[in-house]
Structures are given as C-alpha cells and as structure tokens.
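Enquirer: The following block contains the structure, expressed as structure tokens.
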Amino acid sequence: MPRRTCAATLRSTCTTRRIDVAGDAIWWLYIVRCADGSLYTGITTDLKRRFAQHVDGSGARYLRGRGPLEMVAHCEAGDRSLACQLEHAFKAQNKHDKERWLQAADGLAAFCRDTTSRLTAAPHC
C-alpha cells in the first residue's frame, strides 16, 4: 500500500539539534496541530527530524492520516526527565486551556517556564 503524502509546515525558526554545555542533547517539547484541529504533544532532541517522521508516517500512529500537519509551538525543555514531565503536564490540560496557552504572547514557552518553576519548587520525599 503506497504511503500517503501530506502537506506540512514546520516553522523556519526551529533549530535542528542543540547540545548543552555538558555535551548532552537539549530536549524539546512540541505541539503539532492536525487538519481536524486536534493537538499532538511530544518531545524530541531534533525537531526537524521528528516532524519529518510524523509527516512521512514513520512517527506517532496518532498522526497518520491526519494531515496536513503543522508544528504550532515548541520550546526547550532541558533534560529528558523534565521534558517528560512537561509533556505529561501539557497533555493533562483540557483542550480549551491548551489553546489558551498556544494563543498567549509567550505561548508554550510561558507554559514551560511556569510548569518548570512549579515542578522544581515541589518538595521531594
């Protein structure tokens, strides 16, 4: 069965891959909007590569057949642990709150900043 191609957009401001001072890859939180208006949230160390995987059908199953896809937001999430926590926190929001974050001036960066400060301020057992 031939693979369906779809038009897709990735904002040109995306860097492909960044490394921090310690030599570890920087993790990113990203949001993709599907043609039906649904949002997909994921994490990666390489935005362009991951988005290309989603577009060509080798990425997340949820996105297959839901094109065209558009990456609507992304922000640095630090290490993998924090990226997973941010992804979980964003996915826990209802659709209205997710859209509100995406429409805000700082958008996803503000969400990451606010959530990170809450996560790091929480007492550990």
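Labels for the structure tokens follow display order: chains A, B, ..., residues from 1 in each chain, ligands from 1.
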Please list as a tab-separated table (two decimals) with C-alpha atoms, in the first residue's frame every residue within 12 Å of Ala60 of chain A, counting only C-alpha atoms and excluding residues in the same chain fewer than 4 positions away.
Expert:
```tsv
chain	number	residue	atom	x	y	z
A	32	VAL	CA	1.51	19.59	16.27
A	40	TYR	CA	-0.47	16.18	19.42
A	41	THR	CA	2.17	16.77	22.09
A	42	GLY	CA	5.60	15.16	22.01
A	43	ILE	CA	9.25	15.50	22.99
A	50	ARG	CA	10.90	14.25	14.34
A	51	PHE	CA	8.45	16.42	12.41
A	52	ALA	CA	9.63	14.85	9.15
A	53	GLN	CA	8.97	11.42	10.68
A	54	HIS	CA	5.43	12.47	11.57
A	55	VAL	CA	4.83	13.78	8.05
A	56	ASP	CA	6.14	10.67	6.28
A	64	ARG	CA	-1.07	9.03	10.44
A	65	GLY	CA	-3.79	10.12	8.04
A	66	ARG	CA	-4.49	13.34	9.98
```
Enquirer: Name all residues at most 12 Å from Ser38 of chain A (count only C-alpha atoms; drop same-chain ones fewer than 3 positions away) and give them as number ranges by chain.
Expert: A: 31-35, 41, 62-63, 66-72, 94-96, 98-99
Enquirer: Deliver the residues from the most recent selection as a file, using C-alpha atoms, as a tab-separated table (two decimals), in the first residue's frame.
Expert:
```tsv
chain	number	residue	atom	x	y	z
A	31	ILE	CA	2.84	20.67	19.67
A	32	VAL	CA	1.51	19.59	16.27
A	33	ARG	CA	-1.93	20.62	15.01
A	34	CYS	CA	-3.71	18.16	12.72
A	35	ALA	CA	-6.12	19.02	9.91
A	41	THR	CA	2.17	16.77	22.09
A	62	TYR	CA	-1.98	9.07	16.10
A	63	LEU	CA	-0.82	11.46	13.36
A	66	ARG	CA	-4.49	13.34	9.98
A	67	GLY	CA	-2.53	15.69	7.68
A	68	PRO	CA	-1.74	18.25	6.74
A	69	LEU	CA	0.25	18.73	9.92
A	70	GLU	CA	1.57	21.98	11.35
A	71	MET	CA	4.02	22.36	14.21
A	72	VAL	CA	2.38	25.23	16.07
A	94	ASN	CA	-8.10	20.31	28.70
A	95	LYS	CA	-8.37	21.43	25.06
A	96	HIS	CA	-9.53	24.96	26.00
A	98	LYS	CA	-4.12	24.11	25.71
A	99	GLU	CA	-5.48	26.55	23.10
```
Enquirer: Give the answer as one residue: which of A:Leu119, A:Ala92, A:Ala109, A:Leu39 has the shortest atom-to-atom distance to Glu76 of chain A, using only C-alpha atoms?
Expert: A:Ala109
Enquirer: Write out as a list of chain:residue names which residues come within 8 Å of Leu102 of chain A when counting only C-alpha atoms, dropping same-chain ones fewer than 5 positions away.
Expert: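 The filter keeps A:Val72, A:Ala73, A:Gly107, A:Leu108.
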Enquirer: Applying 12 Å and only C-alpha atoms, which residues near Ser81 of chain A remain after dropping the ones on its own chain fewer than 2 positions away? List them as a short mmCIF file (atom, residue, chain, number, x, y, z; two decimals) with C-alpha atoms, in the first residue's frame.
Expert:
```cif
data_model
loop_
_atom_site.label_atom_id
_atom_site.label_comp_id
_atom_site.auth_asym_id
_atom_site.auth_seq_id
_atom_site.Cartn_x
_atom_site.Cartn_y
_atom_site.Cartn_z
CA ILE A 26 18.70 19.51 24.58
CA TRP A 27 15.17 18.10 24.74
CA TRP A 28 12.25 19.98 23.20
CA LEU A 29 8.52 19.93 23.90
CA ILE A 43 9.25 15.50 22.99
CA THR A 44 12.40 15.13 20.94
CA ALA A 77 12.59 21.53 27.87
CA GLY A 78 16.05 20.86 29.29
CA ASP A 79 16.84 17.24 30.04
CA ALA A 83 10.75 17.13 29.05
CA CYS A 84 8.66 14.08 30.02
CA GLN A 85 7.19 15.93 32.99
CA LEU A 86 6.32 18.95 30.83
CA GLU A 87 4.76 16.71 28.17
CA HIS A 88 2.64 14.97 30.81
CA THR A 116 9.11 24.08 35.44
CA LEU A 119 7.97 21.23 39.41
CA THR A 120 11.29 22.40 40.81
#
```
